[in-house]
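Dumped protein-v1.txt below, it's compact mmCIF, C-alpha atoms:
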```
# COMPACT_ATOMS: atom_id res chain seq x y z
CA MET A 1 186.80 -175.11 -38.52
CA LYS A 2 184.60 -178.12 -39.27
CA ALA A 3 181.45 -176.25 -38.19
CA THR A 4 182.41 -173.30 -40.39
CA LEU A 5 182.87 -175.59 -43.39
CA ILE A 6 179.42 -177.13 -42.88
CA ILE A 7 177.81 -173.69 -42.65
CA ARG A 8 179.52 -172.61 -45.88
CA GLN A 9 178.28 -175.72 -47.66
CA VAL A 10 174.71 -175.10 -46.53
CA ILE A 11 174.88 -171.50 -47.79
CA LEU A 12 176.42 -172.51 -51.10
CA PHE A 13 173.81 -175.11 -51.94
CA THR A 14 170.72 -173.57 -50.38
CA VAL A 15 167.61 -174.54 -52.32
CA VAL A 16 164.55 -172.37 -52.78
CA PHE A 17 161.27 -174.17 -53.50
CA VAL A 18 159.09 -171.62 -55.27
CA SER A 19 156.19 -173.74 -56.45
CA THR A 20 155.19 -177.34 -56.94
CA GLN A 21 153.27 -178.94 -59.77
CA VAL A 22 151.84 -182.45 -59.72
CA PHE A 23 151.93 -184.59 -62.87
CA GLY A 24 149.43 -187.44 -62.70
CA ASN A 25 149.52 -189.39 -59.47
CA ASP A 26 153.23 -190.05 -59.24
CA ILE A 27 155.43 -187.00 -60.00
CA GLU A 28 155.98 -183.59 -58.45
CA ARG A 29 157.94 -180.84 -60.18
CA LYS A 30 159.40 -178.19 -57.93
CA ASP A 31 160.95 -174.88 -58.94
CA VAL A 32 164.41 -174.73 -57.36
CA THR A 33 167.60 -172.70 -57.45
CA PHE A 34 171.22 -173.53 -56.73
CA LYS A 35 174.37 -171.44 -56.65
CA SER A 36 177.11 -171.68 -59.27
CA GLU A 37 180.11 -169.45 -58.68
CA GLY A 38 178.02 -166.86 -56.88
CA LEU A 39 175.15 -166.79 -59.40
CA LYS A 40 171.78 -168.42 -58.95
CA CYS A 41 170.81 -171.08 -61.49
CA SER A 42 167.12 -171.86 -61.86
CA GLY A 43 165.81 -175.37 -62.33
CA TRP A 44 162.96 -177.84 -62.24
CA TYR A 45 163.32 -180.71 -59.78
CA TYR A 46 161.24 -183.82 -60.41
CA VAL A 47 160.66 -186.29 -57.59
CA PRO A 48 158.32 -189.24 -57.04
CA LYS A 49 155.29 -187.91 -55.20
CA ASN A 50 155.10 -190.57 -52.50
CA LEU A 51 158.69 -191.26 -51.51
CA LYS A 52 159.04 -193.32 -48.38
CA GLN A 53 161.18 -191.91 -45.61
CA GLY A 54 164.79 -192.85 -46.20
CA GLU A 55 164.11 -194.12 -49.73
CA LYS A 56 166.79 -193.14 -52.26
CA HIS A 57 166.56 -193.05 -56.06
CA PRO A 58 169.05 -192.54 -58.88
CA ALA A 59 169.14 -189.04 -60.32
CA ILE A 60 170.04 -187.35 -63.59
CA VAL A 61 171.01 -183.77 -64.41
CA MET A 62 169.86 -182.17 -67.68
CA ALA A 63 170.38 -178.89 -69.53
CA HIS A 64 169.49 -177.55 -72.97
CA GLY A 65 171.59 -176.80 -76.02
CA PHE A 66 173.05 -173.65 -77.53
CA SER A 67 171.25 -170.56 -76.11
CA ALA A 68 168.07 -172.57 -75.42
CA VAL A 69 166.16 -172.57 -72.13
CA LYS A 70 164.50 -175.38 -70.22
CA GLU A 71 161.00 -174.42 -71.40
CA MET A 72 161.99 -175.41 -74.93
CA ASN A 73 160.57 -178.95 -74.69
CA LEU A 74 162.91 -180.38 -72.05
CA ASP A 75 159.92 -181.06 -69.84
CA GLY A 76 158.85 -183.89 -72.14
CA PHE A 77 162.12 -185.74 -71.62
CA ALA A 78 162.26 -185.02 -67.89
CA ARG A 79 158.74 -186.28 -67.27
CA ARG A 80 159.48 -189.52 -69.08
CA PHE A 81 162.63 -190.03 -67.03
CA SER A 82 160.68 -189.29 -63.85
CA GLU A 83 157.93 -191.72 -64.76
CA ALA A 84 160.64 -194.38 -64.98
CA GLY A 85 161.59 -193.69 -61.36
CA LEU A 86 164.48 -191.28 -61.80
CA ILE A 87 164.88 -188.07 -59.85
CA VAL A 88 165.61 -185.29 -62.36
CA LEU A 89 167.10 -181.80 -62.23
CA VAL A 90 166.64 -179.66 -65.35
CA PHE A 91 168.35 -176.27 -65.16
CA ASP A 92 169.12 -173.07 -67.06
CA TYR A 93 172.76 -172.03 -67.29
CA ARG A 94 173.82 -168.73 -65.81
CA TYR A 95 172.95 -165.78 -68.11
CA GLN A 96 170.10 -167.82 -69.67
CA GLY A 97 166.39 -168.22 -69.07
CA ALA A 98 165.32 -167.84 -65.43
CA SER A 99 168.89 -167.96 -64.07
CA ASP A 100 170.95 -165.02 -62.85
CA GLY A 101 173.77 -163.26 -64.61
CA GLU A 102 174.65 -160.34 -66.85
CA PRO A 103 175.15 -159.85 -69.72
CA ARG A 104 172.23 -161.94 -70.94
CA GLY A 105 173.24 -164.25 -73.74
CA GLN A 106 176.73 -164.91 -72.39
CA ILE A 107 177.45 -168.52 -73.42
CA ILE A 108 180.92 -169.49 -72.19
CA TYR A 109 181.43 -173.22 -72.58
CA SER A 110 183.73 -173.59 -69.56
CA GLU A 111 181.25 -171.78 -67.31
CA GLN A 112 178.40 -173.96 -68.51
CA ILE A 113 180.44 -177.08 -67.76
CA THR A 114 181.00 -175.70 -64.26
CA ASP A 115 177.25 -175.12 -63.91
CA TYR A 116 176.68 -178.79 -64.81
CA ARG A 117 179.11 -179.93 -62.14
CA ASN A 118 177.61 -177.64 -59.50
CA ALA A 119 174.18 -179.00 -60.43
CA ILE A 120 175.50 -182.51 -59.79
CA THR A 121 176.78 -181.40 -56.41
CA TRP A 122 173.43 -179.88 -55.50
CA VAL A 123 171.58 -183.04 -56.53
CA SER A 124 173.99 -185.19 -54.54
CA LEU A 125 173.10 -183.25 -51.38
CA GLN A 126 169.38 -184.04 -51.63
CA ALA A 127 168.27 -186.62 -49.08
CA GLU A 128 166.31 -188.71 -51.59
CA VAL A 129 169.21 -189.10 -54.05
CA ASP A 130 171.49 -192.12 -54.18
CA THR A 131 174.87 -190.47 -54.78
CA SER A 132 176.30 -193.66 -56.26
CA ARG A 133 173.75 -193.56 -59.10
CA ILE A 134 173.93 -190.17 -60.81
CA GLY A 135 173.70 -189.72 -64.57
CA ILE A 136 173.73 -186.79 -67.00
CA TRP A 137 171.84 -186.02 -70.21
CA GLY A 138 172.74 -183.40 -72.80
CA THR A 139 171.52 -182.26 -76.19
CA SER A 140 173.36 -180.39 -78.96
CA TYR A 141 175.77 -177.91 -77.27
CA SER A 142 175.00 -179.37 -73.85
CA GLY A 143 175.67 -182.80 -75.34
CA ALA A 144 179.26 -181.68 -75.77
CA HIS A 145 179.30 -180.35 -72.21
CA ALA A 146 177.94 -183.63 -70.88
CA LEU A 147 180.74 -185.53 -72.62
CA CYS A 148 183.29 -183.25 -70.99
CA VAL A 149 181.68 -183.64 -67.58
CA ALA A 150 181.64 -187.42 -67.92
CA ALA A 151 185.34 -187.35 -68.75
CA LEU A 152 186.22 -185.16 -65.78
CA ASP A 153 183.75 -186.05 -63.05
CA LYS A 154 183.75 -189.61 -61.74
CA ARG A 155 180.47 -189.05 -59.90
CA VAL A 156 178.76 -189.59 -63.27
CA LYS A 157 177.76 -193.24 -63.68
CA ALA A 158 175.86 -193.05 -66.99
CA ILE A 159 175.59 -190.54 -69.82
CA VAL A 160 173.17 -189.97 -72.69
CA VAL A 161 173.79 -187.34 -75.36
CA GLN A 162 171.65 -186.55 -78.38
CA ALA A 163 172.84 -184.68 -81.48
CA PRO A 164 175.97 -183.47 -79.64
CA TYR A 165 178.09 -180.57 -80.84
CA ALA A 166 181.44 -181.98 -81.97
CA GLY A 167 183.30 -178.69 -82.34
CA SER A 168 184.34 -176.58 -85.36
CA SER A 169 180.96 -176.38 -87.12
CA MET A 170 179.89 -173.17 -85.38
CA GLU A 171 183.24 -171.52 -85.99
CA ASN A 172 183.07 -172.46 -89.67
CA MET A 173 179.73 -170.64 -89.89
CA ILE A 174 181.21 -167.51 -88.32
CA LYS A 175 184.20 -167.57 -90.66
CA SER A 176 181.82 -167.46 -93.61
CA ILE A 177 180.70 -163.96 -92.59
CA GLU A 178 182.56 -161.26 -94.48
CA GLY A 179 185.00 -159.40 -92.25
CA ALA A 180 184.90 -161.96 -89.44
CA SER A 181 188.69 -162.15 -89.27
CA ASN A 182 188.84 -158.69 -87.66
CA TRP A 183 185.64 -159.04 -85.69
CA TYR A 184 187.03 -160.57 -82.53
CA ILE A 185 189.97 -158.19 -82.45
CA GLN A 186 187.70 -155.15 -82.57
CA ASN A 187 185.39 -156.65 -79.97
CA ARG A 188 188.29 -157.23 -77.56
CA ILE A 189 189.42 -153.61 -78.00
CA GLU A 190 185.93 -152.23 -77.32
CA LYS A 191 185.48 -154.50 -74.33
CA TYR A 192 188.88 -153.54 -72.90
CA THR A 193 188.73 -149.78 -73.50
CA LYS A 194 185.00 -149.00 -73.13
CA ASN A 195 183.49 -152.10 -71.49
CA ILE A 196 181.14 -152.45 -74.46
CA THR A 197 179.32 -155.75 -74.89
CA ASN A 198 178.62 -156.61 -78.52
CA TYR A 199 176.05 -159.16 -79.65
CA MET A 200 175.14 -161.37 -82.55
CA PRO A 201 171.75 -162.99 -83.18
CA ILE A 202 171.41 -166.75 -82.76
CA VAL A 203 169.05 -167.01 -85.75
CA ASP A 204 167.85 -164.66 -88.46
CA SER A 205 165.03 -164.92 -90.98
CA ALA A 206 167.38 -164.22 -93.87
CA GLY A 207 170.15 -166.32 -92.38
CA LYS A 208 172.81 -163.85 -93.43
CA PHE A 209 174.03 -162.65 -90.06
CA ALA A 210 173.39 -165.26 -87.40
CA VAL A 211 175.30 -167.96 -85.57
CA LEU A 212 172.82 -170.55 -86.86
CA PRO A 213 171.91 -169.36 -90.36
CA GLN A 214 169.89 -172.44 -91.34
CA LYS A 215 166.18 -171.93 -91.95
CA GLU A 216 165.28 -174.92 -89.80
CA ALA A 217 167.08 -173.30 -86.87
CA TYR A 218 165.18 -170.03 -87.34
CA ASP A 219 161.87 -171.85 -87.65
CA TRP A 220 162.40 -173.99 -84.54
CA PHE A 221 163.73 -171.29 -82.22
CA THR A 222 161.12 -168.69 -83.15
CA MET A 223 158.25 -171.18 -83.06
CA ILE A 224 159.12 -172.73 -79.73
CA ALA A 225 159.97 -169.35 -78.16
CA LYS A 226 156.58 -167.96 -79.18
CA GLU A 227 154.69 -170.99 -77.91
CA LYS A 228 156.57 -171.89 -74.72
CA ALA A 229 159.63 -169.76 -73.97
CA PRO A 230 159.10 -165.99 -74.17
CA ASN A 231 162.13 -165.59 -71.89
CA TRP A 232 164.46 -166.90 -74.63
CA LYS A 233 166.80 -164.22 -76.01
CA ASN A 234 167.89 -164.26 -79.65
CA GLN A 235 171.38 -163.08 -78.83
CA ILE A 236 174.85 -164.17 -77.89
CA THR A 237 177.78 -162.02 -76.86
CA VAL A 238 180.64 -161.82 -79.33
CA GLU A 239 182.93 -162.64 -76.41
CA SER A 240 181.17 -166.02 -76.16
CA LEU A 241 181.89 -166.82 -79.80
CA ASP A 242 185.49 -165.75 -79.34
CA LYS A 243 185.83 -168.12 -76.38
CA ASP A 244 184.18 -170.95 -78.31
CA ASN A 245 187.21 -171.00 -80.62
CA GLU A 246 189.00 -172.74 -77.75
CA TYR A 247 186.34 -175.43 -77.31
CA ASN A 248 187.17 -178.90 -78.54
CA PRO A 249 184.91 -181.49 -76.91
CA GLN A 250 186.58 -184.22 -78.95
CA PHE A 251 189.68 -183.78 -76.78
CA TYR A 252 187.73 -185.04 -73.76
CA VAL A 253 185.88 -187.96 -75.32
CA PRO A 254 188.84 -190.43 -75.21
CA LEU A 255 188.99 -189.78 -71.46
CA ILE A 256 185.56 -191.35 -71.00
CA SER A 257 186.68 -194.81 -70.04
CA HIS A 258 184.37 -196.09 -67.30
CA THR A 259 181.07 -194.31 -67.89
CA PRO A 260 178.54 -196.07 -70.16
CA LEU A 261 177.74 -193.75 -73.08
CA LEU A 262 174.65 -193.69 -75.29
CA MET A 263 174.79 -191.30 -78.26
CA ILE A 264 171.61 -190.74 -80.28
CA ILE A 265 172.03 -188.75 -83.48
CA ALA A 266 169.92 -187.62 -86.43
CA SER A 267 170.64 -189.08 -89.85
CA HIS A 268 170.56 -185.72 -91.65
CA ASP A 269 171.84 -183.23 -89.10
CA ILE A 270 173.22 -180.02 -90.61
CA ILE A 271 173.41 -178.14 -87.28
CA THR A 272 175.79 -180.57 -85.57
CA PRO A 273 176.88 -182.57 -88.62
CA THR A 274 176.11 -186.28 -88.45
CA GLU A 275 179.50 -187.39 -89.75
CA ASP A 276 181.31 -185.28 -87.14
CA GLU A 277 179.24 -186.92 -84.41
CA LYS A 278 180.07 -190.40 -85.68
CA LYS A 279 183.78 -189.64 -85.65
CA MET A 280 183.58 -188.26 -82.13
CA PHE A 281 181.70 -191.36 -80.93
CA GLU A 282 184.55 -193.58 -82.11
CA LEU A 283 186.93 -191.79 -79.73
CA ALA A 284 185.17 -192.97 -76.58
CA LYS A 285 186.87 -195.87 -74.79
CA THR A 286 183.98 -197.08 -72.70
CA THR A 287 180.86 -199.22 -72.92
CA LYS A 288 178.98 -197.38 -75.63
CA LYS A 289 176.14 -197.50 -78.11
CA MET A 290 175.07 -195.28 -81.00
CA ILE A 291 171.55 -194.97 -82.38
CA VAL A 292 170.84 -193.11 -85.63
CA VAL A 293 167.31 -191.73 -85.97
CA GLU A 294 165.93 -190.67 -89.34
CA GLY A 295 165.53 -186.89 -89.51
CA GLY A 296 167.19 -183.59 -88.70
CA HIS A 297 168.61 -181.86 -85.66
CA PHE A 298 165.39 -180.43 -84.21
CA ASP A 299 163.21 -183.48 -84.82
CA ALA A 300 164.33 -184.89 -81.46
CA TYR A 301 162.21 -182.43 -79.48
CA GLN A 302 158.76 -183.13 -80.86
CA GLY A 303 156.83 -185.23 -83.34
CA PRO A 304 157.35 -188.88 -84.29
CA ALA A 305 161.13 -188.82 -83.72
CA PHE A 306 160.79 -187.76 -80.07
CA GLU A 307 159.98 -191.28 -78.94
CA LYS A 308 162.98 -192.68 -80.83
CA PHE A 309 165.28 -190.29 -78.98
CA CYS A 310 163.58 -190.53 -75.59
CA GLN A 311 162.84 -194.21 -74.98
CA PRO A 312 166.42 -195.46 -75.59
CA ALA A 313 167.60 -192.85 -73.09
CA VAL A 314 165.11 -194.10 -70.51
CA ASP A 315 166.27 -197.67 -71.07
CA TRP A 316 169.95 -196.71 -70.83
CA PHE A 317 169.54 -194.94 -67.52
CA LYS A 318 167.43 -197.77 -66.10
CA GLN A 319 170.12 -200.28 -67.06
CA TYR A 320 173.22 -198.45 -65.92
CA LEU A 321 171.80 -196.58 -62.92
CA LYS A 322 170.36 -199.90 -61.77
CA LEU A 323 166.76 -198.80 -61.51
```
If you took the structure in this file and wrote it as structure tokens, what would it be?
Amino acid sequence: MKATLIIRQVILFTVVFVSTQVFGNDIERKDVTFKSEGLKCSGWYYVPKNLKQGEKHPAIVMAHGFSAVKEMNLDGFARRFSEAGLIVLVFDYRYQGASDGEPRGQIIYSEQITDYRNAITWVSLQAEVDTSRIGIWGTSYSGAHALCVAALDKRVKAIVVQAPYAGSSMENMIKSIEGASNWYIQNRIEKYTKNITNYMPIVDSAGKFAVLPQKEAYDWFTMIAKEKAPNWKNQITVESLDKDNEYNPQFYVPLISHTPLLMIIASHDIITPTEDEKKMFELAKTTKKMIVVEGGHFDAYQGPAFEKFCQPAVDWFKQYLKL
């Protein structure tokens, strides 16, 4: 029985190294995969280039926000964390980016939280990782997921979230669309009777029929997809939006009681409203700190604000993962 269990664990968390890139003299980035509920999630795994045999480092797990993929500027954060001495796993959720799963654009919050936790398990099985020093980082929608994971999973010893989704704002946008009250009902009928998958765009140039109707969302997603992430899909299943009605990350935040929390938010965020984030931060009952950076939601990923979001995160992980 014990031998069978070990074999199953090896199969479940088998890693595939596809390619390796070297950044400077100190960091290697490897393409990896790990299993999450039978589907293969794709990731980037950053390790110090010249690890000594038996040497163990703290590690962090990272994922992107709503519908986004890892190519959308997460490398900048991950490289900075790696340069500080952290081992880093950046991954795409199932149904997104380079990861497995159909239909594409399925964004079920509970499944993404499970992907996070399976990513933590995979990281903890790597020989160079100190399992007592694992942290998580999330942004926007994944910021909410990271808060939930920190509340539920005691393996997490430090957490950083930037511009986290606090719930309700996305649903309020959907409700503003004429006829939305019957939308989910019809979708459930079509899914049940004909197995039809219906979609909605994430962004739209006119902003009239999209989950994120703001111009700044359209500009950022289309610009970054064209430049760096041609595998990004401008779509989400209607089933995903229906499920999101159940999602209330604020319920979990008071359960974070022993995990140091850093929340970095934008002063004028209209995607994940700044005031909602401040109220959610107050619910945490742990060692915590909030930093407010001048700007909007997408300023965190590039330009002058990037440093103001990134460096405090580096410092937080170094302090609380004892690097």
Using all atoms listed in the file: which of A:Thr193, A:Thr274, A:Gln96, A:Thr286 has the shortest distance to Leu261 of chain A |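 Answer, going by the shortest atom-to-atom distance: A:Thr286.
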Excluding Gly76 of chain A and residues on its chain fewer than 4 positions from it, collect all residues at most 10 Å away from it, counting only C-alpha atoms, and give them as a ChimeraX atom specification.
-> /A:71-72,80-81,301-302,306,310
Neighbouring residues of Ile107 of chain A were defined as those with any atom within 7 Å, considering all atoms listed in the file; residues of the same chain fewer than 2 positions away were excluded. Please report them as a tab-separated table (two decimals) with C-alpha atoms, keeping the file's coordinate frame.
```tsv
chain	number	residue	atom	x	y	z
A	105	GLY	CA	173.24	-164.25	-73.74
A	109	TYR	CA	181.43	-173.22	-72.58
A	236	ILE	CA	174.85	-164.17	-77.89
A	240	SER	CA	181.17	-166.02	-76.16
```
Skipping near chain neighbours, those fewer than 3 positions away, what residues fall within 8 Å of Asn248 of chain A using all atoms listed in the file, listed as a PDB file with C-alpha atoms, keeping the file's coordinate frame?
```
ATOM      1  CA  ALA A 166     181.440-181.980 -81.970  1.00  0.00           C
ATOM      2  CA  GLY A 167     183.300-178.690 -82.340  1.00  0.00           C
ATOM      3  CA  SER A 168     184.340-176.580 -85.360  1.00  0.00           C
ATOM      4  CA  PHE A 251     189.680-183.780 -76.780  1.00  0.00           C
ATOM      5  CA  TYR A 252     187.730-185.040 -73.760  1.00  0.00           C
TER       6      TYR A 252
END
```
Surrounding residues of Gly138 of chain A excluding itself and chain neighbours under 5 positions, 7 Å, all atoms listed in the file, as number ranges by chain = A: 62-64, 143, 146, 160-162
State, in Å with one decimal place, the distance from atom CA of Gln112 of chain A to atom CA of Glu246 of chain A.
->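 These two atoms are separated by 14.1 Å.
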May I have the residues within 8 Å of Val293 of chain A as a PyMOL selection string, using only C-alpha atoms and disregarding those fewer than 4 positions away in the same chain?
-> chain A and resi 264-267+305+308-309
Please write the residues from the selection above to a file, keeping C-alpha atoms, as a PDB file, in the coordinates of the input.
```pdb
ATOM      1  CA  ILE A 264     171.610-190.740 -80.280  1.00  0.00           C
ATOM      2  CA  ILE A 265     172.030-188.750 -83.480  1.00  0.00           C
ATOM      3  CA  ALA A 266     169.920-187.620 -86.430  1.00  0.00           C
ATOM      4  CA  SER A 267     170.640-189.080 -89.850  1.00  0.00           C
ATOM      5  CA  ALA A 305     161.130-188.820 -83.720  1.00  0.00           C
ATOM      6  CA  LYS A 308     162.980-192.680 -80.830  1.00  0.00           C
ATOM      7  CA  PHE A 309     165.280-190.290 -78.980  1.00  0.00           C
TER       8      PHE A 309
END
```
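Going from atom CA of Leu283 of chain A over to atom CA of His145 of chain A, you cover 15.7 Å.
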Counting all atoms listed in the file, figure out which residue out of A:Arg117, A:Lys279, A:Lys233, A:Arg155 gets nearest to Met200 of chain A.
->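 For Met200 of chain A, the nearest of the given residues is A:Lys233.
Atom pair atom CA of Pro312 of chain A / atom CA of Ile87 of chain A has a distance of 17.5 Å (rounded to one decimal).
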Rank nothing, just name the residue among A:Lys228, A:Gly101, A:Thr131, A:Ser36 nearest to Asp75 of chain A, using all atoms listed in the file.
-> A:Lys228
Counting only C-alpha atoms, which residues come within 10 Å of (176.4, -167.3, -79.7), with the point read in the file's coordinates, and could you list them as a PyMOL selection string?
-> chain A and resi 66-67+105-108+170+174+199-203+210-212+234-242+244
Taking C-alpha atoms for each residue, export the selection above as a PDB file, in the coordinates of the input.
```
ATOM      1  CA  PHE A  66     173.050-173.650 -77.530  1.00  0.00           C
ATOM      2  CA  SER A  67     171.250-170.560 -76.110  1.00  0.00           C
ATOM      3  CA  GLY A 105     173.240-164.250 -73.740  1.00  0.00           C
ATOM      4  CA  GLN A 106     176.730-164.910 -72.390  1.00  0.00           C
ATOM      5  CA  ILE A 107     177.450-168.520 -73.420  1.00  0.00           C
ATOM      6  CA  ILE A 108     180.920-169.490 -72.190  1.00  0.00           C
ATOM      7  CA  MET A 170     179.890-173.170 -85.380  1.00  0.00           C
ATOM      8  CA  ILE A 174     181.210-167.510 -88.320  1.00  0.00           C
ATOM      9  CA  TYR A 199     176.050-159.160 -79.650  1.00  0.00           C
ATOM     10  CA  MET A 200     175.140-161.370 -82.550  1.00  0.00           C
ATOM     11  CA  PRO A 201     171.750-162.990 -83.180  1.00  0.00           C
ATOM     12  CA  ILE A 202     171.410-166.750 -82.760  1.00  0.00           C
ATOM     13  CA  VAL A 203     169.050-167.010 -85.750  1.00  0.00           C
ATOM     14  CA  ALA A 210     173.390-165.260 -87.400  1.00  0.00           C
ATOM     15  CA  VAL A 211     175.300-167.960 -85.570  1.00  0.00           C
ATOM     16  CA  LEU A 212     172.820-170.550 -86.860  1.00  0.00           C
ATOM     17  CA  ASN A 234     167.890-164.260 -79.650  1.00  0.00           C
ATOM     18  CA  GLN A 235     171.380-163.080 -78.830  1.00  0.00           C
ATOM     19  CA  ILE A 236     174.850-164.170 -77.890  1.00  0.00           C
ATOM     20  CA  THR A 237     177.780-162.020 -76.860  1.00  0.00           C
ATOM     21  CA  VAL A 238     180.640-161.820 -79.330  1.00  0.00           C
ATOM     22  CA  GLU A 239     182.930-162.640 -76.410  1.00  0.00           C
ATOM     23  CA  SER A 240     181.170-166.020 -76.160  1.00  0.00           C
ATOM     24  CA  LEU A 241     181.890-166.820 -79.800  1.00  0.00           C
ATOM     25  CA  ASP A 242     185.490-165.750 -79.340  1.00  0.00           C
ATOM     26  CA  ASP A 244     184.180-170.950 -78.310  1.00  0.00           C
TER      27      ASP A 244
END
```
Determine, counting all atoms listed in the file, every residue of protein, DNA or RNA that lies within 12 Å of (160.1, -171.0, -79.8) in the file coordinates, then give the result as a list in words.
->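 Looking at atoms near the point gives Ser67, Ala68, Val69, Lys70, Glu71, Met72, Asn73, Val203, Glu216, Ala217, Tyr218, Asp219, Trp220, Phe221, Thr222, Met223, Ile224, Ala225, Lys226, Glu227, Lys228, Ala229, Pro230, Asn231, Trp232, Lys233, Asn234, Phe298 and Tyr301 of chain A.
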Closest of A:Tyr141, A:Phe281, A:Tyr45, A:Phe317 to Ile256 of chain A - atom-to-atom distances counting all atoms listed in the file |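 The closest residue to Ile256 of chain A is A:Phe281.
Distances to Ala163 of chain A were evaluated for A:Val129, A:Cys148, A:Cys41, A:Ile270 using only C-alpha atoms, and the minimum falls at A:Ile270.
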Centre and edge lengths, as lines of an AutoDock Vina configuration file, for the axis-aligned box enclosing every listed atom of segment 127-134 of chain A with 3 Å of padding on each of the six sides, in Å to one decimal?
```
center_x = 171.3
center_y = -190.1
center_z = -54.9
size_x = 16.0
size_y = 13.0
size_z = 17.7
```
Rank A:Ile159, A:Ala150, A:Ile189, A:Ile196 by their smallest atom-to-atom distance to Lys288 of chain A, using only C-alpha atoms, and report the top residue only.
->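 With only C-alpha atoms as the atom set, the closest residue is A:Ile159.
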Taking the structure in the block just given, could you write segment 53-87 of chain A with C-alpha atoms, as an mmCIF file, in the first residue's frame?
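Result saved to out34.cif:
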```cif
data_model
loop_
_atom_site.group_PDB
_atom_site.id
_atom_site.type_symbol
_atom_site.label_atom_id
_atom_site.label_comp_id
_atom_site.auth_asym_id
_atom_site.auth_seq_id
_atom_site.Cartn_x
_atom_site.Cartn_y
_atom_site.Cartn_z
ATOM 1 C CA GLN A 53 23.860 20.195 -3.464
ATOM 2 C CA GLY A 54 21.396 20.001 -0.601
ATOM 3 C CA GLU A 55 20.891 23.781 -0.492
ATOM 4 C CA LYS A 56 17.265 24.826 0.047
ATOM 5 C CA HIS A 57 15.631 28.187 -0.660
ATOM 6 C CA PRO A 58 12.239 29.724 0.093
ATOM 7 C CA ALA A 59 9.770 29.638 -2.782
ATOM 8 C CA ILE A 60 6.753 31.586 -3.980
ATOM 9 C CA VAL A 61 3.881 30.659 -6.291
ATOM 10 C CA MET A 62 2.421 33.257 -8.668
ATOM 11 C CA ALA A 63 -0.445 33.482 -11.160
ATOM 12 C CA HIS A 64 -2.053 36.249 -13.205
ATOM 13 C CA GLY A 65 -5.380 38.014 -12.910
ATOM 14 C CA PHE A 66 -8.715 37.702 -14.679
ATOM 15 C CA SER A 67 -8.271 35.827 -18.004
ATOM 16 C CA ALA A 68 -4.617 36.925 -18.280
ATOM 17 C CA VAL A 69 -1.693 34.608 -19.014
ATOM 18 C CA LYS A 70 1.802 34.496 -17.586
ATOM 19 C CA GLU A 71 3.353 36.204 -20.629
ATOM 20 C CA MET A 72 1.482 39.378 -19.711
ATOM 21 C CA ASN A 73 4.390 40.931 -17.789
ATOM 22 C CA LEU A 74 4.602 38.470 -14.891
ATOM 23 C CA ASP A 75 8.162 37.673 -15.897
ATOM 24 C CA GLY A 76 9.287 41.085 -14.646
ATOM 25 C CA PHE A 77 8.045 40.364 -11.137
ATOM 26 C CA ALA A 78 9.313 36.780 -11.116
ATOM 27 C CA ARG A 79 12.811 37.754 -12.203
ATOM 28 C CA ARG A 80 13.034 40.351 -9.459
ATOM 29 C CA PHE A 81 11.925 37.817 -6.866
ATOM 30 C CA SER A 82 14.464 35.330 -8.216
ATOM 31 C CA GLU A 83 17.267 37.866 -8.117
ATOM 32 C CA ALA A 84 16.495 38.269 -4.411
ATOM 33 C CA GLY A 85 17.140 34.548 -3.895
ATOM 34 C CA LEU A 86 13.612 33.160 -4.076
ATOM 35 C CA ILE A 87 12.629 30.115 -6.080
#
```
